[in-house]
>>> print(open('protein_12.txt').read())   # compact mmCIF, C-alpha atoms and all ligand atoms
# COMPACT_ATOMS: atom_id res chain seq x y z
CA MET M 1 0.00 0.00 0.00
CA LYS M 2 1.29 3.47 -0.91
CA PRO M 3 2.10 5.72 2.04
CA PHE M 4 -0.69 8.13 1.06
CA SER M 5 -3.38 5.40 1.00
CA LEU M 6 -2.09 4.08 4.30
CA LEU M 7 -2.46 7.54 5.77
CA LEU M 8 -6.02 7.79 4.46
CA LEU M 9 -6.85 4.41 5.94
CA LEU M 10 -5.43 5.44 9.32
CA VAL M 11 -7.40 8.67 9.28
CA ALA M 12 -10.58 6.76 8.43
CA LEU M 13 -10.01 4.19 11.19
CA THR M 14 -9.28 6.85 13.81
CA ALA M 15 -12.35 8.82 12.77
CA SER M 16 -14.64 5.79 13.01
CA ALA M 17 -13.27 4.90 16.47
CA ALA M 18 -13.76 8.48 17.62
CA GLU M 19 -17.32 8.60 16.29
CA ARG M 20 -18.43 5.25 17.62
CA ARG M 21 -21.60 5.77 19.59
CA TYR M 22 -21.58 4.88 23.26
CA GLY M 23 -24.17 5.34 25.95
CA LEU M 24 -26.76 3.68 28.11
CA VAL M 25 -30.45 3.09 28.66
CA ILE M 26 -31.99 2.63 32.11
CA HIS M 27 -35.42 1.63 33.35
CA GLY M 28 -37.11 2.04 36.70
CA GLY M 29 -39.86 -0.50 36.12
CA ALA M 30 -42.99 -0.90 34.02
CA GLY M 31 -46.58 -1.12 35.17
CA VAL M 32 -49.75 0.84 35.70
CA ILE M 33 -48.05 4.23 35.83
CA GLU M 34 -50.53 6.90 34.82
CA ARG M 35 -50.57 10.72 34.89
CA ALA M 36 -53.89 10.83 36.74
CA ALA M 37 -52.43 8.94 39.70
CA MET M 38 -49.13 10.83 39.88
CA SER M 39 -48.60 14.13 41.71
CA PRO M 40 -46.32 16.66 39.99
CA GLU M 41 -43.95 16.47 42.99
CA ARG M 42 -43.67 12.71 42.81
CA GLU M 43 -43.16 12.78 39.07
CA ALA M 44 -40.38 15.36 39.49
CA GLU M 45 -38.71 13.11 42.08
CA TYR M 46 -38.75 10.16 39.68
CA ARG M 47 -37.38 12.22 36.81
CA ALA M 48 -34.62 13.63 39.03
CA ARG M 49 -33.55 10.23 40.28
CA LEU M 50 -33.60 8.74 36.78
CA ALA M 51 -31.45 11.65 35.57
CA GLU M 52 -29.00 11.11 38.40
CA ALA M 53 -28.66 7.38 37.66
CA LEU M 54 -28.38 8.04 33.93
CA ASN M 55 -25.65 10.62 34.41
CA ALA M 56 -23.71 8.43 36.85
CA GLY M 57 -23.62 5.61 34.29
CA TYR M 58 -22.81 7.98 31.45
CA ALA M 59 -19.90 9.52 33.35
CA VAL M 60 -18.30 6.08 33.60
CA LEU M 61 -18.62 5.54 29.84
CA ASP M 62 -17.52 9.05 28.97
CA ARG M 63 -14.23 8.64 30.78
CA GLY M 64 -13.58 5.39 28.90
CA GLY M 65 -14.88 3.04 31.60
CA ALA M 66 -16.40 -0.39 30.96
CA ALA M 67 -20.07 -0.96 30.16
CA LEU M 68 -20.27 -3.28 33.16
CA ASP M 69 -19.12 -0.49 35.50
CA ALA M 70 -21.66 1.92 34.02
CA VAL M 71 -24.42 -0.64 34.60
CA THR M 72 -23.58 -1.12 38.28
CA ALA M 73 -23.06 2.62 38.87
CA ALA M 74 -26.50 3.48 37.49
CA ILE M 75 -28.25 0.59 39.26
CA ASN M 76 -26.61 1.33 42.64
CA LEU M 77 -28.19 4.80 42.68
CA MET M 78 -31.64 3.40 41.95
CA GLU M 79 -31.20 0.59 44.52
CA ASP M 80 -30.39 3.25 47.13
CA SER M 81 -33.50 5.28 46.29
CA PRO M 82 -36.77 4.37 48.06
CA LEU M 83 -38.65 5.31 44.87
CA PHE M 84 -37.77 2.07 43.11
CA ASN M 85 -38.56 -1.58 43.75
CA ALA M 86 -34.92 -2.58 44.24
CA GLY M 87 -32.72 -2.38 47.32
CA LYS M 88 -34.27 0.24 49.65
CA GLY M 89 -37.97 0.60 48.83
CA ALA M 90 -38.41 -2.95 47.54
CA VAL M 91 -41.90 -4.44 47.59
CA PHE M 92 -42.87 -6.81 50.42
CA ASN M 93 -43.32 -10.54 50.10
CA ALA M 94 -46.30 -12.32 51.69
CA ASP M 95 -44.38 -12.81 54.94
CA GLY M 96 -43.83 -9.08 55.34
CA SER M 97 -40.19 -8.82 54.40
CA CYS M 98 -38.22 -7.58 51.41
CA GLU M 99 -36.57 -10.30 49.32
CA LEU M 100 -34.24 -9.18 46.56
CA ASP M 101 -33.09 -10.58 43.20
CA ALA M 102 -30.49 -9.26 40.73
CA SER M 103 -28.31 -10.26 37.82
CA VAL M 104 -25.64 -8.89 35.55
CA MET M 105 -24.06 -10.01 32.27
CA ASP M 106 -20.95 -8.94 30.39
CA GLY M 107 -21.49 -8.95 26.63
CA ARG M 108 -17.77 -9.15 25.91
CA THR M 109 -17.22 -12.52 27.59
CA GLN M 110 -20.83 -13.65 28.20
CA ALA M 111 -19.86 -14.06 31.83
CA ALA M 112 -22.88 -13.70 34.10
CA GLY M 113 -23.75 -13.53 37.79
CA ALA M 114 -27.08 -13.67 39.60
CA VAL M 115 -28.45 -13.62 43.13
CA ALA M 116 -31.93 -14.39 44.39
CA ALA M 117 -33.96 -14.22 47.60
CA LEU M 118 -31.54 -11.97 49.50
CA HIS M 119 -32.67 -10.32 52.74
CA HIS M 120 -29.64 -8.40 53.91
CA ILE M 121 -27.59 -7.12 50.97
CA LYS M 122 -27.79 -3.36 50.39
CA ASN M 123 -26.87 -3.48 46.70
CA PRO M 124 -27.81 -6.87 45.21
CA ILE M 125 -26.36 -5.93 41.80
CA ASN M 126 -22.89 -5.70 43.36
CA LEU M 127 -23.21 -9.20 44.78
CA ALA M 128 -24.43 -10.49 41.39
CA ARG M 129 -21.31 -9.00 39.86
CA ASP M 130 -19.14 -10.63 42.52
CA VAL M 131 -20.80 -13.98 41.84
CA MET M 132 -19.76 -13.48 38.23
CA LEU M 133 -16.21 -12.40 38.98
CA LYS M 134 -15.31 -14.19 42.20
CA SER M 135 -17.24 -17.46 42.35
CA GLU M 136 -17.22 -20.50 40.09
CA HIS M 137 -21.01 -20.28 39.76
CA VAL M 138 -23.53 -18.13 37.93
CA MET M 139 -26.45 -18.03 40.35
CA LEU M 140 -26.58 -18.11 44.15
CA ALA M 141 -29.75 -17.92 46.24
CA GLY M 142 -30.88 -17.23 49.80
CA ASP M 143 -28.67 -18.04 52.78
CA GLY M 144 -25.93 -19.46 50.56
CA ALA M 145 -25.69 -16.24 48.58
CA GLU M 146 -25.46 -14.24 51.80
CA LYS M 147 -22.82 -16.60 53.18
CA PHE M 148 -20.81 -15.91 50.02
CA ALA M 149 -21.34 -12.16 50.57
CA ARG M 150 -20.09 -12.46 54.16
CA SER M 151 -16.98 -14.27 52.93
CA LEU M 152 -16.27 -11.20 50.79
CA GLY M 153 -16.79 -8.82 53.73
CA TYR M 154 -20.23 -7.46 52.74
CA GLU M 155 -22.12 -5.63 55.46
CA MET M 156 -25.37 -7.39 56.44
CA MET M 157 -28.24 -4.89 56.56
CA PRO M 158 -31.27 -5.45 58.79
CA ASN M 159 -34.28 -6.16 56.57
CA GLU M 160 -35.94 -3.04 58.01
CA TYR M 161 -33.45 -0.97 56.01
CA PHE M 162 -35.29 -1.95 52.80
CA GLN M 163 -38.81 -1.53 54.19
CA THR M 164 -40.93 1.57 53.51
CA ASP M 165 -44.43 2.46 54.64
CA TRP M 166 -45.95 2.86 51.18
CA ARG M 167 -44.75 -0.58 50.10
CA ARG M 168 -46.12 -2.02 53.37
CA ALA M 169 -49.47 -0.40 52.57
CA GLN M 170 -49.35 -2.02 49.11
CA LEU M 171 -48.86 -5.43 50.70
CA LYS M 172 -51.88 -4.86 52.92
CA GLN M 173 -53.94 -3.83 49.91
CA ALA M 174 -52.78 -6.87 47.89
CA GLN M 175 -53.62 -9.22 50.73
CA GLU M 176 -57.07 -7.69 51.19
CA GLN M 177 -57.77 -8.02 47.48
CA GLU M 178 -56.54 -11.58 47.58
CA LYS M 179 -58.93 -12.40 50.40
CA GLN M 180 -61.86 -10.89 48.50
CA LYS M 181 -60.96 -12.77 45.36
CA ALA M 182 -60.43 -16.12 47.10
CA GLY M 183 -62.54 -18.74 45.42
CA GLN M 184 -62.79 -16.78 42.17
CA LYS M 185 -59.37 -17.79 40.87
CA THR M 186 -59.10 -20.23 38.01
CA ALA M 187 -56.04 -22.18 36.97
CA ALA M 188 -56.32 -20.66 33.49
CA ARG M 189 -56.14 -17.09 34.71
CA PRO M 190 -54.64 -16.66 38.17
CA ASP M 191 -53.79 -13.06 37.29
CA ASP M 192 -55.07 -10.91 40.11
CA TYR M 193 -52.93 -12.85 42.52
CA PHE M 194 -50.07 -10.56 41.55
CA THR M 195 -52.14 -7.45 41.24
CA ARG M 196 -50.94 -5.50 38.25
CA THR M 197 -51.42 -2.16 39.90
CA LEU M 198 -49.31 -2.94 42.93
CA ARG M 199 -45.92 -3.49 41.44
CA TRP M 200 -43.57 -1.40 39.47
CA GLY M 201 -40.14 -0.02 40.04
CA THR M 202 -37.70 -2.81 39.18
CA VAL M 203 -34.52 -1.21 37.88
CA GLY M 204 -32.22 -2.10 35.02
CA CYS M 205 -29.52 -0.77 32.76
CA VAL M 206 -27.94 -1.66 29.42
CA ALA M 207 -24.73 0.04 28.33
CA LEU M 208 -22.36 0.23 25.37
CA ASP M 209 -18.85 1.51 26.10
CA LYS M 210 -16.29 3.26 23.91
CA ALA M 211 -14.55 -0.07 23.24
CA GLY M 212 -17.80 -1.45 21.77
CA ASN M 213 -18.62 -3.75 24.70
CA LEU M 214 -22.17 -4.30 25.92
CA ALA M 215 -23.41 -5.13 29.43
CA ALA M 216 -26.79 -5.52 31.12
CA GLY M 217 -28.06 -5.66 34.70
CA THR M 218 -31.38 -5.88 36.53
CA SER M 219 -32.29 -5.56 40.23
CA THR M 220 -35.67 -6.00 41.92
CA GLY M 221 -37.68 -6.79 45.01
CA GLY M 222 -39.96 -8.89 42.79
CA MET M 223 -43.73 -8.69 43.14
CA THR M 224 -45.83 -7.58 46.10
CA ASN M 225 -47.22 -10.50 48.12
CA LYS M 226 -44.95 -13.07 46.44
CA LYS M 227 -44.91 -16.39 48.26
CA TYR M 228 -42.88 -19.50 49.03
CA GLY M 229 -39.48 -18.26 47.95
CA ARG M 230 -40.83 -17.12 44.58
CA ILE M 231 -38.11 -15.94 42.20
CA GLY M 232 -38.94 -13.81 39.17
CA ASP M 233 -37.25 -13.19 35.84
CA ALA M 234 -34.82 -10.49 36.99
CA PRO M 235 -32.08 -12.83 38.23
CA ILE M 236 -32.57 -15.36 35.43
CA ILE M 237 -30.03 -14.95 32.66
CA GLY M 238 -31.88 -15.06 29.35
CA ALA M 239 -35.21 -14.01 30.90
CA GLY M 240 -34.67 -10.70 32.74
CA THR M 241 -31.09 -9.99 31.68
CA TYR M 242 -28.87 -10.84 28.73
CA ALA M 243 -25.83 -9.37 26.98
CA ASN M 244 -23.72 -10.50 24.06
CA ASN M 245 -21.52 -8.18 21.98
CA ALA M 246 -22.58 -10.14 18.89
CA THR M 247 -26.21 -9.06 19.29
CA CYS M 248 -27.50 -6.88 22.12
CA ALA M 249 -27.91 -6.18 25.83
CA VAL M 250 -31.38 -6.44 27.40
CA SER M 251 -32.91 -5.73 30.81
CA ALA M 252 -36.57 -6.55 31.44
CA THR M 253 -39.26 -5.53 33.89
CA GLY M 254 -42.79 -6.78 34.28
CA TRP M 255 -44.77 -9.76 35.38
CA GLY M 256 -41.86 -12.13 35.87
CA GLU M 257 -43.69 -15.42 35.45
CA PHE M 258 -44.46 -14.53 31.81
CA PHE M 259 -40.99 -13.17 31.16
CA ILE M 260 -39.48 -16.45 32.33
CA ARG M 261 -41.83 -18.50 30.16
CA VAL M 262 -41.00 -16.46 27.05
CA GLY M 263 -37.28 -16.30 27.84
CA VAL M 264 -37.58 -12.62 26.99
CA ALA M 265 -34.03 -11.25 26.97
CA ARG M 266 -32.53 -14.18 25.08
CA ASP M 267 -35.48 -14.28 22.68
CA ILE M 268 -34.68 -10.74 21.52
CA ALA M 269 -31.00 -11.60 21.02
CA ALA M 270 -31.89 -14.85 19.26
CA GLN M 271 -34.01 -13.07 16.64
CA MET M 272 -31.04 -10.85 15.86
CA GLU M 273 -28.63 -13.77 15.83
CA TYR M 274 -30.64 -16.24 13.76
CA ARG M 275 -32.66 -13.99 11.51
CA GLY M 276 -30.82 -10.67 11.47
CA THR M 277 -33.94 -8.94 12.83
CA PRO M 278 -33.30 -5.30 13.79
CA LEU M 279 -33.27 -4.67 17.55
CA ARG M 280 -36.47 -2.66 17.84
CA GLU M 281 -38.46 -5.08 15.74
CA ALA M 282 -37.13 -8.02 17.78
CA ALA M 283 -38.03 -6.31 21.08
CA ALA M 284 -41.56 -5.56 19.85
CA ALA M 285 -42.05 -9.16 18.68
CA THR M 286 -40.93 -10.55 22.04
CA ILE M 287 -43.15 -8.22 24.07
CA ALA M 288 -46.03 -9.29 21.81
CA LYS M 289 -45.33 -12.89 22.88
CA VAL M 290 -45.55 -11.85 26.55
CA ALA M 291 -48.82 -10.03 25.86
CA LYS M 292 -50.25 -13.03 24.02
CA LEU M 293 -49.76 -15.20 27.09
CA GLY M 294 -51.47 -12.55 29.23
CA GLY M 295 -48.42 -10.87 30.73
CA ASP M 296 -47.34 -7.27 30.81
CA GLY M 297 -44.15 -5.26 31.19
CA GLY M 298 -41.30 -4.04 29.08
CA VAL M 299 -37.65 -4.13 28.11
CA ILE M 300 -34.81 -1.77 27.41
CA ALA M 301 -32.23 -2.94 24.89
CA LEU M 302 -29.13 -1.67 23.15
CA ASP M 303 -27.21 -3.29 20.30
CA ALA M 304 -23.54 -3.14 19.41
CA ALA M 305 -24.17 -0.34 16.88
CA GLY M 306 -25.86 1.77 19.56
CA ASN M 307 -29.45 1.25 18.38
CA ILE M 308 -31.90 1.31 21.27
CA ALA M 309 -35.30 -0.15 22.08
CA MET M 310 -37.66 0.72 24.94
CA GLU M 311 -40.66 -1.47 24.36
CA PHE M 312 -43.54 -2.11 26.78
CA ASN M 313 -47.19 -3.10 26.77
CA SER M 314 -48.06 -1.64 30.17
CA PRO M 315 -49.43 1.91 30.57
CA GLY M 316 -46.00 3.25 31.53
CA MET M 317 -42.35 2.46 32.08
CA TYR M 318 -39.81 4.68 33.85
CA ARG M 319 -37.04 4.98 31.29
CA ALA M 320 -34.15 7.16 30.24
CA VAL M 321 -31.48 7.13 27.57
CA ARG M 322 -28.25 9.00 27.03
CA LEU M 323 -26.15 8.38 23.93
CA SER M 324 -22.93 10.16 23.00
CA ASP M 325 -24.42 11.72 19.87
CA ARG M 326 -27.87 12.86 20.92
CA PRO M 327 -29.55 14.70 23.81
CA ALA M 328 -30.57 12.72 26.90
CA MET M 329 -34.21 11.70 27.19
CA ILE M 330 -36.28 10.77 30.24
CA ALA M 331 -39.83 9.43 29.94
CA ILE M 332 -42.46 7.77 32.08
CA TYR M 333 -45.80 7.42 30.30
CA GLY M 334 -46.89 5.40 27.31
CA ASP M 335 -47.56 8.50 25.21
CA GLU M 336 -43.99 9.78 25.59
CA ALA M 337 -41.03 8.80 23.41
CA LYS M 338 -40.12 5.14 23.14
CA ASN M 339 -36.78 5.61 21.42
N1 LIG N 1 -39.98 -8.64 36.84
C1 LIG N 1 -40.04 -8.49 38.27
C2 LIG N 1 -40.40 -9.82 38.88
O1 LIG N 1 -41.25 -10.49 38.35
C3 LIG N 1 -41.03 -7.46 38.72
C4 LIG N 1 -41.06 -6.17 37.93
O2 LIG N 1 -40.25 -5.97 37.04
O3 LIG N 1 -41.91 -5.32 38.23
O4 LIG N 1 -39.88 -10.16 39.89
>>> encode(input="protein_12.txt", output="structure tokens")
Amino acid sequence: MKPFSLLLLLVALTASAAERRYGLVIHGGAGVIERAAMSPEREAEYRARLAEALNAGYAVLDRGGAALDAVTAAINLMEDSPLFNAGKGAVFNADGSCELDASVMDGRTQAAGAVAALHHIKNPINLARDVMLKSEHVMLAGDGAEKFARSLGYEMMPNEYFQTDWRRAQLKQAQEQEKQKAGQKTAARPDDYFTRTLRWGTVGCVALDKAGNLAAGTSTGGMTNKKYGRIGDAPIIGAGTYANNATCAVSATGWGEFFIRVGVARDIAAQMEYRGTPLREAAAATIAKVAKLGGDGGVIALDAAGNIAMEFNSPGMYRAVRLSDRPAMIAIYGDEAKN
């Protein structure tokens, strides 16, 4: 190659690396989130906290940090906020305590870590990441997971740390509704058991870093009034969380039983992998499968080219996106932007 063409090639390569899009998408849960039921003050609080989490994740990416670090930075802020159903402010299970699930996946290596049914870990996403990086397993649950956390020097929080009055009131409401509905349930449609209106606020993040690596993470308290050690989709790799540099990163939120049955996060990636379906189309097709079974919720997704999807079939989903080449966007309701 002549020196001049070599120079041109170098200039082109440098320019494409410099222009490569990076950024992240976060969600704070999907559900019956409607303007009529939201005070302006409360809405402002949600938007402020979403902005804070979005900016914390973006700062990591902007300084050349890894997608995985951006994911945990954004999720930690939402876990620490009582507004969301993750960490502090998680929903209550039927026994009156908060029980937390989380998972994380690195799209570069397809390494993954997950934790379920925790009662004492302040930031479950950090423990999921440690399961990925420091254990020989992918998923740890309950006492065993907390034993592993203790071996790493994690502080054990009293369960009261996670508990808030408004989530306690939701449990009471769910249990009263359950009592009223007793006897009316059918095996074909046991839906009101997990009352749609009483859960939202799971958090998640998908990120694409300057090196072109994807990562995804999800953290939740699950569903109000959940019973018998119930575990939802959030800590299940391929259902609530998935990341692969070859396709996309996905974090889900919604009625977990349906998301597990559809294998939501992996289903989106599989359409891209096997059929070359564009991300947004794949996300819409997968959410349609959830809806067809009777479920509701949504996903955020990001592919290796920086295309995004924020797809949901519930009235609202707390969501926000910040990409290196366009203004940040924060939205809550179904009639606001979805991409
Ligand atoms: N997907 C979560 C679960 O089923 C709940 C949610 O996202 O609202 O545990």
>>> residues_near_ligand(input="protein_12.txt", ligand="ligand LIG 1 (chain N)", cutoff="9 Å", atoms="only C-alpha atoms and all ligand atoms", output="ChimeraX atom specification")
/M:28-31,85,100-101,199-203,218-224,226,230-235,240,252-260,297-298
>>> write_last_selection(input="protein_12.txt", atoms="C-alpha atoms", output="PDB file, in the coordinates of the input")
ATOM      1  CA  GLY M  28     -37.110   2.040  36.700  1.00  0.00           C
ATOM      2  CA  GLY M  29     -39.860  -0.500  36.120  1.00  0.00           C
ATOM      3  CA  ALA M  30     -42.990  -0.900  34.020  1.00  0.00           C
ATOM      4  CA  GLY M  31     -46.580  -1.120  35.170  1.00  0.00           C
ATOM      5  CA  ASN M  85     -38.560  -1.580  43.750  1.00  0.00           C
ATOM      6  CA  LEU M 100     -34.240  -9.180  46.560  1.00  0.00           C
ATOM      7  CA  ASP M 101     -33.090 -10.580  43.200  1.00  0.00           C
ATOM      8  CA  ARG M 199     -45.920  -3.490  41.440  1.00  0.00           C
ATOM      9  CA  TRP M 200     -43.570  -1.400  39.470  1.00  0.00           C
ATOM     10  CA  GLY M 201     -40.140  -0.020  40.040  1.00  0.00           C
ATOM     11  CA  THR M 202     -37.700  -2.810  39.180  1.00  0.00           C
ATOM     12  CA  VAL M 203     -34.520  -1.210  37.880  1.00  0.00           C
ATOM     13  CA  THR M 218     -31.380  -5.880  36.530  1.00  0.00           C
ATOM     14  CA  SER M 219     -32.290  -5.560  40.230  1.00  0.00           C
ATOM     15  CA  THR M 220     -35.670  -6.000  41.920  1.00  0.00           C
ATOM     16  CA  GLY M 221     -37.680  -6.790  45.010  1.00  0.00           C
ATOM     17  CA  GLY M 222     -39.960  -8.890  42.790  1.00  0.00           C
ATOM     18  CA  MET M 223     -43.730  -8.690  43.140  1.00  0.00           C
ATOM     19  CA  THR M 224     -45.830  -7.580  46.100  1.00  0.00           C
ATOM     20  CA  LYS M 226     -44.950 -13.070  46.440  1.00  0.00           C
ATOM     21  CA  ARG M 230     -40.830 -17.120  44.580  1.00  0.00           C
ATOM     22  CA  ILE M 231     -38.110 -15.940  42.200  1.00  0.00           C
ATOM     23  CA  GLY M 232     -38.940 -13.810  39.170  1.00  0.00           C
ATOM     24  CA  ASP M 233     -37.250 -13.190  35.840  1.00  0.00           C
ATOM     25  CA  ALA M 234     -34.820 -10.490  36.990  1.00  0.00           C
ATOM     26  CA  PRO M 235     -32.080 -12.830  38.230  1.00  0.00           C
ATOM     27  CA  GLY M 240     -34.670 -10.700  32.740  1.00  0.00           C
ATOM     28  CA  ALA M 252     -36.570  -6.550  31.440  1.00  0.00           C
ATOM     29  CA  THR M 253     -39.260  -5.530  33.890  1.00  0.00           C
ATOM     30  CA  GLY M 254     -42.790  -6.780  34.280  1.00  0.00           C
ATOM     31  CA  TRP M 255     -44.770  -9.760  35.380  1.00  0.00           C
ATOM     32  CA  GLY M 256     -41.860 -12.130  35.870  1.00  0.00           C
ATOM     33  CA  GLU M 257     -43.690 -15.420  35.450  1.00  0.00           C
ATOM     34  CA  PHE M 258     -44.460 -14.530  31.810  1.00  0.00           C
ATOM     35  CA  PHE M 259     -40.990 -13.170  31.160  1.00  0.00           C
ATOM     36  CA  ILE M 260     -39.480 -16.450  32.330  1.00  0.00           C
ATOM     37  CA  GLY M 297     -44.150  -5.260  31.190  1.00  0.00           C
ATOM     38  CA  GLY M 298     -41.300  -4.040  29.080  1.00  0.00           C
TER      39      GLY M 298
END
>>> closest_residue(input="protein_12.txt", among="M:Val71, M:Cys98, M:Leu133, M:Val104", to="His119 (chain M)", atoms="all atoms listed in the file")
M:Cys98
>>> closest_atom_pairs(input="protein_12.txt", of="region 185-301 of chain M", to="region 137-151 of chain M", cutoff="9 Å", atoms="all atoms listed in the file", output="CSV")
residue,atom,partner,partner_atom,distance
M:Gly229,CA,M:Gly142,CA,8.9
M:Pro235,CA,M:Met139,CA,8.0
M:Ile236,CA,M:Met139,CA,8.3
M:Ile237,CA,M:Val138,CA,9.0
>>> atom_distance(input="protein_12.txt", atom1="CA of Met156 (chain M)", atom2="CA of Ala117 (chain M)")
14.1 Å
>>> closest_residue(input="protein_12.txt", among="M:His120, M:Lys338, M:Arg167, M:Lys210", to="Ala70 (chain M)", atoms="only C-alpha atoms")
M:Lys210
>>> atom_distance(input="protein_12.txt", atom1="CA of Gln110 (chain M)", atom2="CA of Leu293 (chain M)")
29.0 Å
>>> atom_distance(input="protein_12.txt", atom1="CA of Ala304 (chain M)", atom2="CA of Cys248 (chain M)")
6.1 Å
>>> residues_around(input="protein_12.txt", residues="Met105 (chain M)", least_positions_apart="4", cutoff="9 Å", atoms="all atoms listed in the file", output="list in words")
Leu68, Thr109, Gln110, Ala111, Ala112, Gly113, Ala114, Arg129, Met132, Leu214, Ala215, Ala216, Gly217, Ile237, Thr241, Tyr242, Ala243, Asn244 and Ala249 of chain M
>>> write_last_selection(input="protein_12.txt", atoms="C-alpha atoms", output="short mmCIF file (atom, residue, chain, number, x, y, z; two decimals), in the frame of the given file")
data_model
loop_
_atom_site.label_atom_id
_atom_site.label_comp_id
_atom_site.auth_asym_id
_atom_site.auth_seq_id
_atom_site.Cartn_x
_atom_site.Cartn_y
_atom_site.Cartn_z
CA LEU M 68 -20.27 -3.28 33.16
CA THR M 109 -17.22 -12.52 27.59
CA GLN M 110 -20.83 -13.65 28.20
CA ALA M 111 -19.86 -14.06 31.83
CA ALA M 112 -22.88 -13.70 34.10
CA GLY M 113 -23.75 -13.53 37.79
CA ALA M 114 -27.08 -13.67 39.60
CA ARG M 129 -21.31 -9.00 39.86
CA MET M 132 -19.76 -13.48 38.23
CA LEU M 214 -22.17 -4.30 25.92
CA ALA M 215 -23.41 -5.13 29.43
CA ALA M 216 -26.79 -5.52 31.12
CA GLY M 217 -28.06 -5.66 34.70
CA ILE M 237 -30.03 -14.95 32.66
CA THR M 241 -31.09 -9.99 31.68
CA TYR M 242 -28.87 -10.84 28.73
CA ALA M 243 -25.83 -9.37 26.98
CA ASN M 244 -23.72 -10.50 24.06
CA ALA M 249 -27.91 -6.18 25.83
#
>>> closest_residue(input="protein_12.txt", among="M:Val131, M:Ala283, M:Val299, M:Asp62", to="Arg21 (chain M)", atoms="only C-alpha atoms")
M:Asp62
>>> residues_around(input="protein_12.txt", residues="Arg322 (chain M)", least_positions_apart="4", cutoff="6 Å", atoms="all atoms listed in the file", output="list in words")
Gly23, Leu24 and Ala328 of chain M
>>> residues_around(input="protein_12.txt", residues="Leu54 (chain M)", least_positions_apart="2", cutoff="10 Å", atoms="only C-alpha atoms", output="list in words")
Gly23, Leu24, Val25, Ile26, His27, Ala48, Arg49, Leu50, Ala51, Glu52, Ala56, Gly57, Tyr58, Ala59, Ala70, Val71, Ala73, Ala74, Ile75, Leu77, Met78, Cys205, Arg319, Ala320, Val321, Arg322, Ala328, Met329 and Ile330 of chain M
>>> closest_residue(input="protein_12.txt", among="M:Ala239, M:Ala66, M:Val262, M:Asn313", to="Ala284 (chain M)", atoms="only C-alpha atoms")
M:Asn313
>>> closest_residue(input="protein_12.txt", among="M:Lys122, M:Arg275, M:Ile300, M:Tyr22", to="Met317 (chain M)", atoms="all atoms listed in the file")
M:Ile300
>>> residues_around(input="protein_12.txt", residues="Ala67 (chain M)", least_positions_apart="5", cutoff="7 Å", atoms="all atoms listed in the file", output="NGL selection string")
:M and (61 or 207-209 or 213-215)
